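Peer 1: Structure: my_file_39.cif, mmCIF, C-alpha atoms.
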data_model
#
loop_
_atom_site.group_PDB
_atom_site.id
_atom_site.type_symbol
_atom_site.label_atom_id
_atom_site.label_comp_id
_atom_site.auth_asym_id
_atom_site.auth_seq_id
_atom_site.Cartn_x
_atom_site.Cartn_y
_atom_site.Cartn_z
ATOM 1 C CA MET A 20 45.282 123.506 168.004
ATOM 2 C CA ALA A 21 47.701 126.082 166.525
ATOM 3 C CA SER A 22 50.568 124.595 168.532
ATOM 4 C CA SER A 23 49.804 121.124 167.158
ATOM 5 C CA LEU A 24 49.825 122.356 163.553
ATOM 6 C CA SER A 25 53.084 124.202 164.128
ATOM 7 C CA ASN A 26 54.764 121.074 165.473
ATOM 8 C CA GLU A 27 53.572 118.996 162.496
ATOM 9 C CA PHE A 28 54.851 121.610 160.064
ATOM 10 C CA THR A 29 58.243 121.682 161.805
ATOM 11 C CA ASP A 30 58.473 117.899 161.680
ATOM 12 C CA LEU A 31 57.663 117.899 157.935
ATOM 13 C CA LYS A 32 60.261 120.569 157.306
ATOM 14 C CA SER A 33 62.869 118.564 159.196
ATOM 15 C CA VAL A 34 62.063 115.457 157.186
ATOM 16 C CA LEU A 35 62.440 117.316 153.885
ATOM 17 C CA GLN A 36 65.690 118.903 155.063
ATOM 18 C CA ASN A 37 67.080 115.509 156.073
ATOM 19 C CA GLU A 38 66.181 114.038 152.656
ATOM 20 C CA GLU A 39 67.866 116.965 150.889
ATOM 21 C CA ASN A 40 71.017 116.535 153.005
ATOM 22 C CA GLN A 41 71.129 112.819 152.218
ATOM 23 C CA LYS A 42 70.860 113.499 148.464
ATOM 24 C CA SER A 43 73.627 116.112 148.667
ATOM 25 C CA ASP A 44 75.878 113.703 150.576
ATOM 26 C CA SER A 45 75.224 110.990 147.982
ATOM 27 C CA LEU A 46 76.035 113.303 145.067
ATOM 28 C CA ARG A 47 79.136 114.637 146.822
ATOM 29 C CA LYS A 48 80.457 111.114 147.292
ATOM 30 C CA ARG A 49 79.920 110.204 143.626
ATOM 31 C CA ALA A 50 81.188 113.450 142.117
ATOM 32 C CA PHE A 51 84.871 114.312 141.693
ATOM 33 C CA VAL A 52 85.733 117.968 141.949
ATOM 34 C CA PRO A 53 89.411 118.769 141.309
ATOM 35 C CA LYS A 54 91.014 121.150 143.710
ATOM 36 C CA MET A 55 92.832 123.067 140.950
ATOM 37 C CA LEU A 56 91.876 123.357 137.265
ATOM 38 C CA PRO A 57 94.429 124.053 134.518
ATOM 39 C CA ASP A 58 94.634 127.576 133.145
ATOM 40 C CA ASP A 59 93.334 126.488 129.744
ATOM 41 C CA PHE A 60 90.327 124.564 131.166
ATOM 42 C CA LEU A 61 87.315 125.012 128.853
ATOM 43 C CA ARG A 62 89.270 127.615 126.884
ATOM 44 C CA VAL A 63 88.629 127.645 123.142
ATOM 45 C CA PHE A 64 91.788 128.199 121.053
ATOM 46 C CA SER A 65 91.750 129.592 117.541
ATOM 47 C CA ALA A 66 93.272 127.629 114.667
ATOM 48 C CA GLU A 67 96.164 130.117 114.481
ATOM 49 C CA VAL A 68 97.038 129.637 118.154
ATOM 50 C CA VAL A 69 96.903 125.847 117.822
ATOM 51 C CA GLN A 70 99.131 125.965 114.712
ATOM 52 C CA THR A 71 101.594 128.274 116.461
ATOM 53 C CA ASN A 72 101.834 125.921 119.431
ATOM 54 C CA GLN A 73 102.351 122.948 117.121
ATOM 55 C CA ASP A 74 105.053 124.794 115.175
ATOM 56 C CA TYR A 75 106.796 125.742 118.404
ATOM 57 C CA THR A 76 106.716 122.145 119.649
ATOM 58 C CA LEU A 77 108.039 120.850 116.324
ATOM 59 C CA ALA A 78 110.792 123.465 116.250
ATOM 60 C CA LYS A 79 111.924 122.477 119.748
ATOM 61 C CA LYS A 80 111.925 118.813 118.734
ATOM 62 C CA LEU A 81 113.994 119.491 115.615
ATOM 63 C CA GLN A 82 116.431 121.623 117.581
ATOM 64 C CA THR A 83 116.847 118.829 120.123
ATOM 65 C CA GLU A 84 117.512 116.309 117.350
ATOM 66 C CA LEU A 85 119.999 118.689 115.728
ATOM 67 C CA ASN A 86 121.879 119.114 118.978
ATOM 68 C CA GLN A 87 122.007 115.358 119.404
ATOM 69 C CA GLN A 88 123.339 114.832 115.884
ATOM 70 C CA ILE A 89 126.255 117.245 116.277
ATOM 71 C CA ARG A 90 129.161 115.575 118.002
ATOM 72 C CA LEU A 91 131.327 117.172 120.620
ATOM 73 C CA PRO A 92 134.921 118.185 119.888
ATOM 74 C CA ALA A 93 136.187 114.960 121.433
ATOM 75 C CA SER A 94 134.125 113.034 118.914
ATOM 76 C CA PHE A 95 135.879 114.764 116.027
ATOM 77 C CA GLU A 96 139.243 113.918 117.483
ATOM 78 C CA GLN A 97 138.083 110.381 118.165
ATOM 79 C CA HIS A 98 136.861 109.809 114.592
ATOM 80 C CA ASN A 99 139.595 111.806 112.892
ATOM 81 C CA ASP A 100 140.673 108.656 111.073
ATOM 82 C CA LEU A 101 137.131 108.034 109.739
ATOM 83 C CA ILE A 102 136.248 111.474 108.373
ATOM 84 C CA ARG A 103 138.423 112.977 105.652
ATOM 85 C CA GLY A 104 136.832 116.395 105.824
ATOM 86 C CA ARG A 105 133.826 118.457 104.806
ATOM 87 C CA LEU A 106 132.519 118.295 101.239
ATOM 88 C CA GLN A 107 130.315 120.939 99.663
ATOM 89 C CA ILE A 108 128.278 119.733 96.663
ATOM 90 C CA ASP A 109 126.236 122.127 94.516
ATOM 91 C CA PHE A 110 123.773 120.658 92.012
ATOM 92 C CA VAL A 111 123.196 123.560 89.656
ATOM 93 C CA GLU A 112 121.440 122.321 86.512
ATOM 94 C CA ALA A 113 121.452 119.721 83.749
ATOM 95 C CA LYS A 114 121.199 119.613 79.972
ATOM 96 C CA LEU A 115 119.468 116.373 79.042
ATOM 97 C CA SER A 116 119.364 114.881 75.549
ATOM 98 C CA LYS A 117 115.791 113.598 75.531
ATOM 99 C CA ASN A 118 112.440 114.246 77.172
ATOM 100 C CA TYR A 119 111.042 110.830 78.058
ATOM 101 C CA GLY A 120 107.275 110.486 78.262
ATOM 102 C CA LEU A 121 104.285 112.283 76.796
ATOM 103 C CA THR A 122 104.568 115.381 78.983
ATOM 104 C CA ARG A 123 107.397 117.555 80.237
ATOM 105 C CA MET A 124 109.616 115.742 82.713
ATOM 106 C CA ASP A 125 109.923 116.747 86.383
ATOM 107 C CA PRO A 126 113.571 115.835 87.072
ATOM 108 C CA TYR A 127 115.297 115.590 90.418
ATOM 109 C CA VAL A 128 118.733 114.333 91.496
ATOM 110 C CA ARG A 129 119.328 111.394 93.793
ATOM 111 C CA PHE A 130 122.927 110.870 94.811
ATOM 112 C CA LYS A 131 124.872 108.533 97.064
ATOM 113 C CA LEU A 132 127.955 109.568 99.001
ATOM 114 C CA GLY A 133 129.272 106.632 100.969
ATOM 115 C CA THR A 134 126.254 105.201 102.791
ATOM 116 C CA ARG A 135 124.186 108.391 102.599
ATOM 117 C CA VAL A 136 121.491 108.794 99.945
ATOM 118 C CA LEU A 137 120.044 112.276 99.426
ATOM 119 C CA GLU A 138 117.816 114.033 96.886
ATOM 120 C CA THR A 139 117.341 117.518 95.506
ATOM 121 C CA PRO A 140 113.902 119.094 95.207
ATOM 122 C CA THR A 141 112.077 118.418 91.951
ATOM 123 C CA SER A 142 112.465 120.811 89.039
ATOM 124 C CA PHE A 143 108.835 120.805 87.943
ATOM 125 C CA ASN A 144 108.424 121.106 84.168
ATOM 126 C CA GLY A 145 112.206 121.208 83.950
ATOM 127 C CA SER A 146 112.060 118.822 81.001
ATOM 128 C CA LYS A 147 115.501 118.668 79.329
ATOM 129 C CA ASN A 148 116.800 121.746 81.154
ATOM 130 C CA PRO A 149 116.151 121.228 84.877
ATOM 131 C CA ILE A 150 117.552 123.780 87.307
ATOM 132 C CA TRP A 151 118.004 122.917 91.006
ATOM 133 C CA LYS A 152 120.615 125.287 92.470
ATOM 134 C CA LYS A 153 120.847 123.263 95.675
ATOM 135 C CA ARG A 154 123.850 122.900 97.970
ATOM 136 C CA PHE A 155 124.657 119.960 100.225
ATOM 137 C CA ILE A 156 127.324 120.151 102.945
ATOM 138 C CA LEU A 157 128.363 116.713 104.175
ATOM 139 C CA ASN A 158 131.127 114.904 106.004
ATOM 140 C CA LEU A 159 133.325 112.937 103.598
ATOM 141 C CA PRO A 160 134.478 109.546 104.944
ATOM 142 C CA THR A 161 138.083 108.587 104.316
ATOM 143 C CA ASP A 162 137.113 105.496 102.278
ATOM 144 C CA VAL A 163 134.868 107.390 99.814
ATOM 145 C CA ASP A 164 136.486 108.633 96.605
ATOM 146 C CA SER A 165 133.477 109.046 94.279
ATOM 147 C CA ILE A 166 129.845 110.065 94.127
ATOM 148 C CA ASN A 167 126.999 108.229 92.378
ATOM 149 C CA ILE A 168 124.535 110.585 90.705
ATOM 150 C CA GLU A 169 121.158 109.608 89.255
ATOM 151 C CA ILE A 170 118.497 111.813 87.656
ATOM 152 C CA TYR A 171 114.883 110.726 88.003
ATOM 153 C CA ASP A 172 111.637 111.884 86.432
ATOM 154 C CA GLU A 173 109.049 112.293 89.198
ATOM 155 C CA LYS A 174 105.756 110.553 88.378
ATOM 156 C CA SER A 175 102.328 111.174 89.866
ATOM 157 C CA PHE A 176 100.712 107.758 89.489
ATOM 158 C CA THR A 177 103.601 105.409 88.714
ATOM 159 C CA GLU A 178 107.075 104.766 90.060
ATOM 160 C CA ASP A 179 109.655 107.477 89.387
ATOM 161 C CA GLU A 180 111.766 106.691 86.318
ATOM 162 C CA MET A 181 115.554 106.965 86.230
ATOM 163 C CA ILE A 182 116.586 108.805 83.056
ATOM 164 C CA ALA A 183 120.353 109.312 83.512
ATOM 165 C CA PHE A 184 123.208 108.341 85.794
ATOM 166 C CA VAL A 185 126.948 108.704 86.331
ATOM 167 C CA LYS A 186 129.609 107.616 88.816
ATOM 168 C CA TYR A 187 131.940 110.565 89.246
ATOM 169 C CA PRO A 188 135.382 109.910 90.789
ATOM 170 C CA PHE A 189 136.806 112.812 92.770
ATOM 171 C CA LYS A 190 139.862 114.340 91.128
ATOM 172 C CA SER A 191 143.036 114.954 93.083
ATOM 173 C CA ASN A 192 142.874 118.737 92.672
ATOM 174 C CA LEU A 193 139.649 118.772 94.716
ATOM 175 C CA PHE A 194 141.652 117.821 97.801
ATOM 176 C CA ASP A 195 144.201 120.547 97.069
ATOM 177 C CA GLY A 196 141.663 123.274 97.860
ATOM 178 C CA VAL A 197 140.538 123.842 94.246
ATOM 179 C CA PHE A 198 136.929 124.878 93.643
ATOM 180 C CA VAL A 199 135.614 122.436 91.021
ATOM 181 C CA ASP A 200 132.996 123.618 88.510
ATOM 182 C CA GLU A 201 132.367 120.820 86.059
ATOM 183 C CA TRP A 202 129.872 119.566 83.481
ATOM 184 C CA ILE A 203 129.733 115.776 83.801
ATOM 185 C CA PRO A 204 128.473 113.587 80.917
ATOM 186 C CA LEU A 205 125.514 111.337 81.743
ATOM 187 C CA SER A 206 124.695 107.818 80.603
ATOM 188 C CA GLY A 207 121.338 106.142 80.073
ATOM 189 C CA ARG A 208 119.157 104.440 77.498
ATOM 190 C CA LEU A 209 120.701 106.460 74.684
ATOM 191 C CA GLY A 210 124.105 105.009 75.514
ATOM 192 C CA GLU A 211 127.294 105.710 77.420
ATOM 193 C CA GLN A 212 127.706 109.463 78.047
ATOM 194 C CA LYS A 213 124.891 110.270 75.593
ATOM 195 C CA GLU A 214 122.135 111.434 77.959
ATOM 196 C CA GLY A 215 123.425 114.978 78.335
ATOM 197 C CA TYR A 216 125.374 116.746 81.077
ATOM 198 C CA ILE A 217 124.932 117.795 84.703
ATOM 199 C CA ASN A 218 126.664 120.833 86.191
ATOM 200 C CA ILE A 219 127.981 120.434 89.753
ATOM 201 C CA HIS A 220 130.279 122.437 92.033
ATOM 202 C CA LEU A 221 132.570 120.806 94.571
ATOM 203 C CA PHE A 222 134.648 122.275 97.377
ATOM 204 C CA PHE A 223 136.527 120.292 100.028
ATOM 205 C CA THR A 224 137.791 121.346 103.463
ATOM 206 C CA PRO A 225 140.259 118.962 105.194
ATOM 207 C CA ILE A 226 139.385 117.878 108.704
ATOM 208 C CA ASP A 227 142.595 119.287 110.143
ATOM 209 C CA GLN A 228 141.428 122.754 109.055
ATOM 210 C CA ILE A 229 138.081 122.441 110.798
ATOM 211 C CA ARG A 230 138.074 123.955 114.243
ATOM 212 C CA THR A 231 137.349 121.321 116.871
ATOM 213 C CA SER A 232 135.211 123.553 119.042
ATOM 214 C CA HIS A 233 131.555 122.641 119.433
ATOM 215 C CA GLN A 234 129.778 125.229 117.293
ATOM 216 C CA ILE A 235 126.429 125.197 115.549
ATOM 217 C CA VAL A 236 125.937 127.388 112.501
ATOM 218 C CA GLN A 237 122.290 127.764 111.529
ATOM 219 C CA ASN A 238 120.782 129.181 108.345
ATOM 220 C CA SER A 239 124.155 130.337 107.055
ATOM 221 C CA MET A 240 126.400 129.531 104.154
ATOM 222 C CA PRO A 241 129.570 131.152 102.835
ATOM 223 C CA PRO A 242 128.864 133.688 100.089
ATOM 224 C CA ASN A 243 131.736 132.360 97.994
ATOM 225 C CA PRO A 244 133.403 128.955 98.277
ATOM 226 C CA LEU A 245 136.784 130.553 97.655
ATOM 227 C CA ASN A 246 136.340 132.637 100.821
ATOM 228 C CA ILE A 247 135.204 129.880 103.177
ATOM 229 C CA ASN A 248 136.343 130.231 106.764
ATOM 230 C CA ASN A 249 138.070 126.897 107.221
ATOM 231 C CA ASN A 250 137.998 127.304 110.992
ATOM 232 C CA GLN A 251 134.248 126.973 111.014
ATOM 233 C CA LEU A 252 132.451 123.675 111.603
ATOM 234 C CA ILE A 253 129.227 123.599 109.607
ATOM 235 C CA GLN A 254 126.494 121.099 110.394
ATOM 236 C CA PRO A 255 125.680 118.991 107.313
ATOM 237 C CA ALA A 256 122.753 120.746 105.660
ATOM 238 C CA ILE A 257 120.848 121.471 102.464
ATOM 239 C CA VAL A 258 120.581 125.104 101.407
ATOM 240 C CA ASP A 259 119.713 127.194 98.376
ATOM 241 C CA LEU A 260 122.562 127.958 96.020
ATOM 242 C CA PRO A 261 123.313 131.703 95.865
ATOM 243 C CA GLN A 262 123.221 133.503 92.564
ATOM 244 C CA GLU A 263 126.962 134.183 92.477
ATOM 245 C CA LEU A 264 127.673 130.448 92.293
ATOM 246 C CA ILE A 265 125.583 129.849 89.181
ATOM 247 C CA ALA A 266 127.659 128.682 86.226
ATOM 248 C CA SER A 267 129.254 131.555 84.362
ATOM 249 C CA ASN A 268 127.807 130.411 81.047
ATOM 250 C CA ASP A 269 124.264 131.048 82.319
ATOM 251 C CA ARG A 270 124.465 134.642 81.056
ATOM 252 C CA SER A 271 125.554 133.447 77.619
ATOM 253 C CA ARG A 272 122.703 130.934 77.513
ATOM 254 C CA TYR A 273 120.279 133.625 78.670
ATOM 255 C CA ASN A 274 121.358 135.966 75.871
ATOM 256 C CA ASN A 275 121.155 133.224 73.249
ATOM 257 C CA ASP A 276 117.707 132.103 74.382
ATOM 258 C CA PHE A 277 116.455 135.677 74.507
ATOM 259 C CA ALA A 278 117.747 136.396 70.987
ATOM 260 C CA SER A 279 116.105 133.208 69.724
ATOM 261 C CA LEU A 280 112.770 134.109 71.339
ATOM 262 C CA LYS A 281 112.966 137.623 69.945
ATOM 263 C CA GLU A 282 113.536 136.218 66.458
ATOM 264 C CA MET A 283 110.601 133.823 66.797
ATOM 265 C CA PHE A 284 108.220 136.462 68.203
ATOM 266 C CA PRO A 285 109.279 139.816 66.715
ATOM 267 C CA SER A 286 105.896 141.428 67.455
ATOM 268 C CA PHE A 287 106.398 141.197 71.230
ATOM 269 C CA ASP A 288 108.201 143.863 73.212
ATOM 270 C CA ASP A 289 111.530 142.945 74.745
ATOM 271 C CA GLU A 290 110.186 143.390 78.273
ATOM 272 C CA VAL A 291 107.292 141.020 77.579
ATOM 273 C CA ILE A 292 109.608 138.327 76.222
ATOM 274 C CA LYS A 293 111.969 138.820 79.158
ATOM 275 C CA SER A 294 109.128 138.567 81.669
ATOM 276 C CA VAL A 295 107.723 135.404 80.084
ATOM 277 C CA TYR A 296 111.188 133.823 79.885
ATOM 278 C CA GLU A 297 111.910 134.530 83.545
ATOM 279 C CA SER A 298 108.480 133.320 84.703
ATOM 280 C CA SER A 299 109.095 130.090 82.758
ATOM 281 C CA GLY A 300 112.129 129.326 84.905
ATOM 282 C CA TYR A 301 114.568 130.375 82.133
ATOM 283 C CA VAL A 302 113.486 127.366 80.088
ATOM 284 C CA LYS A 303 113.216 128.388 76.445
ATOM 285 C CA GLU A 304 110.772 125.630 75.481
ATOM 286 C CA ALA A 305 108.379 126.662 78.245
ATOM 287 C CA ALA A 306 108.667 130.315 77.214
ATOM 288 C CA VAL A 307 107.878 129.391 73.586
ATOM 289 C CA ASP A 308 104.733 127.540 74.703
ATOM 290 C CA ALA A 309 103.637 130.506 76.820
ATOM 291 C CA LEU A 310 104.220 133.016 74.023
ATOM 292 C CA ILE A 311 102.322 130.837 71.544
ATOM 293 C CA GLN A 312 99.366 130.770 73.897
ATOM 294 C CA MET A 313 99.520 134.568 74.141
ATOM 295 C CA THR A 314 99.287 134.872 70.347
ATOM 296 C CA SER A 315 96.301 132.532 70.011
#
Just dump the structure as structure tokens.
Peer 2:
Amino acid sequence: MASSLSNEFTDLKSVLQNEENQKSDSLRKRAFVPKMLPDDFLRVFSAEVVQTNQDYTLAKKLQTELNQQIRLPASFEQHNDLIRGRLQIDFVEAKLSKNYGLTRMDPYVRFKLGTRVLETPTSFNGSKNPIWKKRFILNLPTDVDSINIEIYDEKSFTEDEMIAFVKYPFKSNLFDGVFVDEWIPLSGRLGEQKEGYINIHLFFTPIDQIRTSHQIVQNSMPPNPLNINNNQLIQPAIVDLPQELIASNDRSRYNNDFASLKEMFPSFDDEVIKSVYESSGYVKEAAVDALIQMTS
């Protein structure tokens, strides 16, 4: 009797084991288990790590594009008859005759050199006295002898409005190695050369003075255009204008504005007026508004 029960129990156990094996085989056939998982499998990255990886990828992409844009020495020799040289353009500031619109204008410069169209950053609340202090370093084609400059007022909800323009022909002394610092009259709705003035700096380096070795210069600019190393090939770029290249009459304007503010607000300390004037971007009208608010 005991032997019979033992045999039945063994048979039942075998049946259950066979069913379990069949289920396991069925699941194993349907499931895909990779032999090797990536290191970051099921790893949770922080937002900082993700941003760092994205920045690194973008930086590599930009560097690759930059390397592709810069031509080899043979290319310079090949296109020697197409490129006249390297032109440095500094857009310093402007003195406009009128503030168009109900609020203070946000001017920026859009200019065309040959087939290239570029823009400066916007001088927010610049109104009639926008300051950009931006430098552009570009190749100058042999068939280009002028630059078209337009000043626009940036709008938030409507199309940007052009408020002044000028076509400036390059003077012969520019190509003789002379550093040009000039205030150019602007035209517009008020009439020919009645919209104010824009201050630009120009410096030209002939192509035969540019070294034909393949060299990339990053995040650098000559401290003084009169001391430029003409044997250095600089990739066309946009950089901040250093303080030593600001027009020499800035100090005179600063002193005049400060004296005017001091006369208008005699109860304020000199340091307070100076601080407000500087925080207003050296725009007297903005400083006046800020000081009025401080008195109310």
Peer 1: Give me, as number ranges by chain, all polymer residues having an atom no more than 10 Å from Ile108 (chain A), counting all atoms listed in the file and skipping those fewer than 4 positions away in the same chain.
Peer 2: A: 153-157, 199, 219-223, 257
Peer 1: What is the CA of Ser146 (chain A)-CA of Lys186 (chain A) distance in Å, reported with one decimal?
Peer 2: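 So the two atoms, CA of Ser146 (chain A) and CA of Lys186 (chain A), lie 22.2 Å apart.
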Peer 1: Can you tell me how far CA of Asn148 (chain A) sits from CA of Glu304 (chain A), in Å to one decimal?
Peer 2: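 Separation between CA of Asn148 (chain A) and CA of Glu304 (chain A): 9.1 Å.
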Peer 1: Given the choices A:Asn40, A:Asn218, A:Thr134, A:Asn192, which gets closest to Trp151 (chain A) if the distance is worked out from all atoms listed in the file?
Peer 2: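 Going through A:Asn40, A:Asn218, A:Thr134, A:Asn192 one by one, the smallest distance to Trp151 (chain A) is for A:Asn218.
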Peer 1: The PyMOL selection byres ((chain A and resi 187-191) around 7) - which residues does that actually catch in the file I just gave you? List them as a list in words.
Peer 2: Asp164, Ser165, Ile166, Asn167, Val185, Lys186, Asn192, Leu193, Phe194 and Asp195 of chain A
Peer 1: Write to file, as a PDB file, in the coordinates of the input, the residues of the selection just made, with C-alpha atoms.
Peer 2:
ATOM      1  CA  ASP A 164     136.486 108.633  96.605  1.00  0.00           C
ATOM      2  CA  SER A 165     133.477 109.046  94.279  1.00  0.00           C
ATOM      3  CA  ILE A 166     129.845 110.065  94.127  1.00  0.00           C
ATOM      4  CA  ASN A 167     126.999 108.229  92.378  1.00  0.00           C
ATOM      5  CA  VAL A 185     126.948 108.704  86.331  1.00  0.00           C
ATOM      6  CA  LYS A 186     129.609 107.616  88.816  1.00  0.00           C
ATOM      7  CA  ASN A 192     142.874 118.737  92.672  1.00  0.00           C
ATOM      8  CA  LEU A 193     139.649 118.772  94.716  1.00  0.00           C
ATOM      9  CA  PHE A 194     141.652 117.821  97.801  1.00  0.00           C
ATOM     10  CA  ASP A 195     144.201 120.547  97.069  1.00  0.00           C
TER      11      ASP A 195
END
